[in-house]
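Containing PDB, C-alpha atoms, pLDDT in the B column: entry-v8.pdb.
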ATOM      1  CA  GLN A   1     105.410  90.577 107.109  1.00 89.00           C
ATOM      2  CA  LEU A   2     102.146  88.633 107.327  1.00 95.00           C
ATOM      3  CA  GLN A   3     101.964  84.936 106.546  1.00 95.00           C
ATOM      4  CA  ALA A   4      98.581  83.332 105.881  1.00 97.00           C
ATOM      5  CA  SER A   5      98.003  79.582 105.992  1.00 97.00           C
ATOM      6  CA  GLY A   6      95.349  76.952 106.530  1.00 98.00           C
ATOM      7  CA  GLY A   7      93.639  76.914 103.158  1.00 98.00           C
ATOM      8  CA  GLY A   8      92.810  73.738 101.305  1.00 98.00           C
ATOM      9  CA  LEU A   9      90.185  71.678  99.517  1.00 98.00           C
ATOM     10  CA  VAL A  10      86.987  70.941 101.420  1.00 98.00           C
ATOM     11  CA  GLN A  11      83.517  69.695 100.552  1.00 98.00           C
ATOM     12  CA  THR A  12      80.382  71.791 100.766  1.00 98.00           C
ATOM     13  CA  GLY A  13      79.347  72.121 104.386  1.00 98.00           C
ATOM     14  CA  GLY A  14      82.861  71.575 105.655  1.00 98.00           C
ATOM     15  CA  SER A  15      85.108  73.762 107.784  1.00 98.00           C
ATOM     16  CA  LEU A  16      88.576  75.265 107.703  1.00 98.00           C
ATOM     17  CA  ARG A  17      90.579  77.489 110.016  1.00 98.00           C
ATOM     18  CA  LEU A  18      92.818  80.082 108.450  1.00 98.00           C
ATOM     19  CA  SER A  19      95.731  81.575 110.343  1.00 98.00           C
ATOM     20  CA  CYS A  20      97.796  84.691 109.817  1.00 98.00           C
ATOM     21  CA  VAL A  21     100.986  85.224 111.777  1.00 96.00           C
ATOM     22  CA  ALA A  22     103.268  88.209 111.750  1.00 92.00           C
ATOM     23  CA  SER A  23     106.997  88.634 111.835  1.00 89.00           C
ATOM     24  CA  GLY A  24     108.755  91.907 112.409  1.00 86.00           C
ATOM     25  CA  ARG A  25     105.732  93.718 113.843  1.00 84.00           C
ATOM     26  CA  SER A  26     103.270  93.307 116.662  1.00 92.00           C
ATOM     27  CA  LEU A  27      99.736  92.673 115.438  1.00 92.00           C
ATOM     28  CA  SER A  28      98.364  94.044 118.711  1.00 92.00           C
ATOM     29  CA  ASN A  29      98.976  97.522 117.271  1.00 92.00           C
ATOM     30  CA  TYR A  30      96.637  97.011 114.318  1.00 95.00           C
ATOM     31  CA  ASP A  31      93.000  96.639 113.476  1.00 96.00           C
ATOM     32  CA  MET A  32      92.867  93.738 111.061  1.00 97.00           C
ATOM     33  CA  ALA A  33      90.748  92.024 108.437  1.00 98.00           C
ATOM     34  CA  TRP A  34      90.359  89.146 106.034  1.00 98.00           C
ATOM     35  CA  PHE A  35      89.572  89.698 102.369  1.00 98.00           C
ATOM     36  CA  ARG A  36      89.108  87.222  99.533  1.00 98.00           C
ATOM     37  CA  GLN A  37      89.526  87.310  95.798  1.00 98.00           C
ATOM     38  CA  VAL A  38      88.583  85.141  92.843  1.00 98.00           C
ATOM     39  CA  PRO A  39      90.202  85.523  89.417  1.00 94.00           C
ATOM     40  CA  GLY A  40      88.736  88.391  87.426  1.00 96.00           C
ATOM     41  CA  LYS A  41      87.001  89.975  90.402  1.00 97.00           C
ATOM     42  CA  GLU A  42      87.831  92.649  92.930  1.00 97.00           C
ATOM     43  CA  ARG A  43      89.224  91.670  96.302  1.00 97.00           C
ATOM     44  CA  GLU A  44      86.266  91.721  98.684  1.00 98.00           C
ATOM     45  CA  PHE A  45      85.911  92.271 102.394  1.00 98.00           C
ATOM     46  CA  VAL A  46      85.130  89.232 104.527  1.00 98.00           C
ATOM     47  CA  ALA A  47      85.600  90.167 108.185  1.00 98.00           C
ATOM     48  CA  ALA A  48      87.358  92.662 110.444  1.00 98.00           C
ATOM     49  CA  ILE A  49      88.419  92.827 114.070  1.00 97.00           C
ATOM     50  CA  VAL A  50      89.660  95.650 116.258  1.00 95.00           C
ATOM     51  CA  LYS A  51      92.920  95.583 118.239  1.00 91.00           C
ATOM     52  CA  GLY A  52      91.176  94.499 121.408  1.00 87.00           C
ATOM     53  CA  SER A  53      89.237  91.631 119.716  1.00 84.00           C
ATOM     54  CA  THR A  54      85.772  93.117 120.037  1.00 88.00           C
ATOM     55  CA  PRO A  55      83.799  94.244 118.187  1.00 93.00           C
ATOM     56  CA  THR A  56      83.991  92.261 114.960  1.00 95.00           C
ATOM     57  CA  TYR A  57      82.429  92.933 111.585  1.00 97.00           C
ATOM     58  CA  TYR A  58      81.355  90.627 108.766  1.00 98.00           C
ATOM     59  CA  ALA A  59      80.216  90.749 105.180  1.00 98.00           C
ATOM     60  CA  ASP A  60      76.582  89.735 104.878  1.00 98.00           C
ATOM     61  CA  SER A  61      77.590  86.760 102.723  1.00 98.00           C
ATOM     62  CA  VAL A  62      79.556  85.131 105.550  1.00 98.00           C
ATOM     63  CA  LYS A  63      77.722  86.332 108.658  1.00 98.00           C
ATOM     64  CA  GLY A  64      76.811  83.418 110.905  1.00 98.00           C
ATOM     65  CA  ARG A  65      79.218  81.055 109.130  1.00 98.00           C
ATOM     66  CA  PHE A  66      82.644  82.644 109.573  1.00 98.00           C
ATOM     67  CA  THR A  67      84.294  83.834 112.795  1.00 98.00           C
ATOM     68  CA  ILE A  68      87.253  86.182 113.005  1.00 98.00           C
ATOM     69  CA  SER A  69      89.433  86.137 116.105  1.00 97.00           C
ATOM     70  CA  ARG A  70      92.930  87.006 117.226  1.00 96.00           C
ATOM     71  CA  GLU A  71      95.516  86.099 119.828  1.00 95.00           C
ATOM     72  CA  ASN A  72      97.741  89.112 120.306  1.00 91.00           C
ATOM     73  CA  GLY A  73     100.010  87.139 122.601  1.00 92.00           C
ATOM     74  CA  LYS A  74     100.742  84.771 119.720  1.00 94.00           C
ATOM     75  CA  ASN A  75     100.839  87.593 117.177  1.00 95.00           C
ATOM     76  CA  ALA A  76      98.146  85.760 115.231  1.00 96.00           C
ATOM     77  CA  LEU A  77      94.855  86.372 113.453  1.00 97.00           C
ATOM     78  CA  TYR A  78      92.367  83.615 112.616  1.00 98.00           C
ATOM     79  CA  LEU A  79      89.326  83.036 110.443  1.00 98.00           C
ATOM     80  CA  GLN A  80      87.135  80.036 111.204  1.00 98.00           C
ATOM     81  CA  LEU A  81      85.174  79.060 108.102  1.00 98.00           C
ATOM     82  CA  SER A  82      82.131  76.846 108.632  1.00 98.00           C
ATOM     83  CA  SER A  83      79.203  75.667 106.509  1.00 98.00           C
ATOM     84  CA  LEU A  84      81.320  76.335 103.463  1.00 98.00           C
ATOM     85  CA  LYS A  85      79.729  76.833 100.061  1.00 98.00           C
ATOM     86  CA  PRO A  86      81.244  76.596  96.573  1.00 97.00           C
ATOM     87  CA  GLU A  87      80.913  80.377  96.266  1.00 97.00           C
ATOM     88  CA  ASP A  88      83.369  80.732  99.167  1.00 98.00           C
ATOM     89  CA  THR A  89      86.115  79.445  96.881  1.00 98.00           C
ATOM     90  CA  ALA A  90      88.780  82.155  96.680  1.00 98.00           C
ATOM     91  CA  VAL A  91      92.234  83.184  97.764  1.00 98.00           C
ATOM     92  CA  TYR A  92      91.956  84.567 101.284  1.00 98.00           C
ATOM     93  CA  TYR A  93      94.199  87.415 102.443  1.00 98.00           C
ATOM     94  CA  CYS A  94      94.874  88.814 105.883  1.00 98.00           C
ATOM     95  CA  ALA A  95      95.521  92.530 106.236  1.00 98.00           C
ATOM     96  CA  ALA A  96      96.519  95.060 108.876  1.00 96.00           C
ATOM     97  CA  ALA A  97      95.465  98.697 109.010  1.00 96.00           C
ATOM     98  CA  ALA A  98      97.670 101.588 110.110  1.00 90.00           C
ATOM     99  CA  LEU A  99      94.854 104.131 110.419  1.00 91.00           C
ATOM    100  CA  ILE A 100      93.472 105.866 113.475  1.00 91.00           C
ATOM    101  CA  ARG A 101      90.394 104.078 114.773  1.00 90.00           C
ATOM    102  CA  SER A 102      87.771 106.564 113.599  1.00 92.00           C
ATOM    103  CA  VAL A 103      89.094 106.562 110.036  1.00 92.00           C
ATOM    104  CA  TRP A 104      89.496 102.768 109.990  1.00 94.00           C
ATOM    105  CA  PHE A 105      85.949 102.312 111.250  1.00 93.00           C
ATOM    106  CA  GLU A 106      84.526 104.276 108.328  1.00 95.00           C
ATOM    107  CA  ARG A 107      86.720 102.479 105.801  1.00 96.00           C
ATOM    108  CA  ARG A 108      87.079  99.027 107.353  1.00 96.00           C
ATOM    109  CA  THR A 109      85.556  97.192 104.356  1.00 97.00           C
ATOM    110  CA  GLU A 110      87.774  98.978 101.820  1.00 97.00           C
ATOM    111  CA  ARG A 111      90.943  97.377 100.524  1.00 96.00           C
ATOM    112  CA  SER A 112      92.695 100.754 100.554  1.00 95.00           C
ATOM    113  CA  ALA A 113      92.313 101.028 104.345  1.00 96.00           C
ATOM    114  CA  TYR A 114      94.933  98.330 104.873  1.00 96.00           C
ATOM    115  CA  SER A 115      98.660  98.886 104.581  1.00 95.00           C
ATOM    116  CA  TYR A 116     100.026  95.396 105.173  1.00 95.00           C
ATOM    117  CA  TRP A 117      98.949  92.200 103.435  1.00 96.00           C
ATOM    118  CA  GLY A 118      99.688  88.518 103.657  1.00 95.00           C
ATOM    119  CA  GLN A 119     100.426  86.475 100.571  1.00 94.00           C
ATOM    120  CA  GLY A 120      97.078  84.688 100.467  1.00 95.00           C
ATOM    121  CA  THR A 121      95.922  81.123 101.027  1.00 98.00           C
ATOM    122  CA  GLN A 122      93.664  79.216  98.614  1.00 98.00           C
ATOM    123  CA  VAL A 123      90.334  77.874  99.799  1.00 98.00           C
ATOM    124  CA  THR A 124      88.488  75.579  97.410  1.00 98.00           C
ATOM    125  CA  VAL A 125      85.020  74.254  98.213  1.00 98.00           C
ATOM    126  CA  SER A 126      83.795  71.387  96.072  1.00 97.00           C
ATOM    127  CA  SER A 127      80.118  70.786  95.419  1.00 91.00           C
TER     128      SER A 127
END

Could you spell out this file's structure in structure tokens?
Amino acid sequence: QLQASGGGLVQTGGSLRLSCVASGRSLSNYDMAWFRQVPGKEREFVAAIVKGSTPTYYADSVKGRFTISRENGKNALYLQLSSLKPEDTAVYYCAAAALIRSVWFERRTERSAYSYWGQGTQVTVSS
């Protein structure tokens, strides 16, 4: 089970740090990602990270503003959100992939590549 937290209400230009912790499984065994979703739209890829922490991958819309990281010893995944914009408002989900690396690499931005999902945490950016 994955548990996401850290969302909230923040002004434009502000920052938040999202966390995702696991129970019942070791996150060190999984390549992982963050996605986000707004009502009426598809869940979209935000960032991904391999088991060993590097390399990382980002959607163009968040590159340079968001940072994905992990602490396998704490069984945790993080997403640092900076320079937030109103269009970043969404529910953010953490996800873990159970694919072999080569397959995950090709499909890392696809929702279907991930087998385990957190419940989501709301991020709201006010203008």

Mind telling me what the PyMOL selection byres ((chain A and resi 85) around 7) catches here, as an mmCIF file with C-alpha atoms, keeping the file's coordinate frame?
data_model
loop_
_atom_site.group_PDB
_atom_site.id
_atom_site.type_symbol
_atom_site.label_atom_id
_atom_site.label_comp_id
_atom_site.auth_asym_id
_atom_site.auth_seq_id
_atom_site.Cartn_x
_atom_site.Cartn_y
_atom_site.Cartn_z
ATOM 1 C CA THR A 12 80.382 71.791 100.766
ATOM 2 C CA GLY A 13 79.347 72.121 104.386
ATOM 3 C CA SER A 83 79.203 75.667 106.509
ATOM 4 C CA LEU A 84 81.320 76.335 103.463
ATOM 5 C CA PRO A 86 81.244 76.596 96.573
ATOM 6 C CA GLU A 87 80.913 80.377 96.266
ATOM 7 C CA ASP A 88 83.369 80.732 99.167
ATOM 8 C CA VAL A 125 85.020 74.254 98.213
#

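Nearest to Val38 in chain A of all the residues A:Val91, A:Thr124, A:Leu18, A:Arg107 is A:Val91, based on all atoms listed in the file.
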
Query raised in the report: Neighbours of range 47-52 of chain A within 6 Å (only C-alpha atoms; same-chain residues fewer than 6 positions away dropped), as a PyMOL selection string?
Result: chain A and resi 28+30-34+58

Requested in this report: I need the residue set behind the PyMOL selection byres ((chain A and resi 96-98) around 10) for this file; please write it as a VMD selection string.
Outcome: chain A and resid 2 27 29 to 34 48 to 50 77 94 to 95 99 to 101 103 to 104 108 111 to 118

Requested in this report: Work out how far CA of Gly40 in chain A is from CA of Tyr57 in chain A, in Å to one decimal.
Outcome: 25.4 Å

Query raised in the report: Care to translate the PyMOL selection byres ((chain A and resi 5) around 9) into actual residues of this file, as an NGL selection string?
Result: :A and (3-4 or 6-7 or 17-21 or 120-122)

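Shortest separation to Gly14 in chain A among A:Ser102, A:Ser126, A:Gln1, A:Ser82 occurs at residue A:Ser82, atoms counted being only C-alpha atoms.
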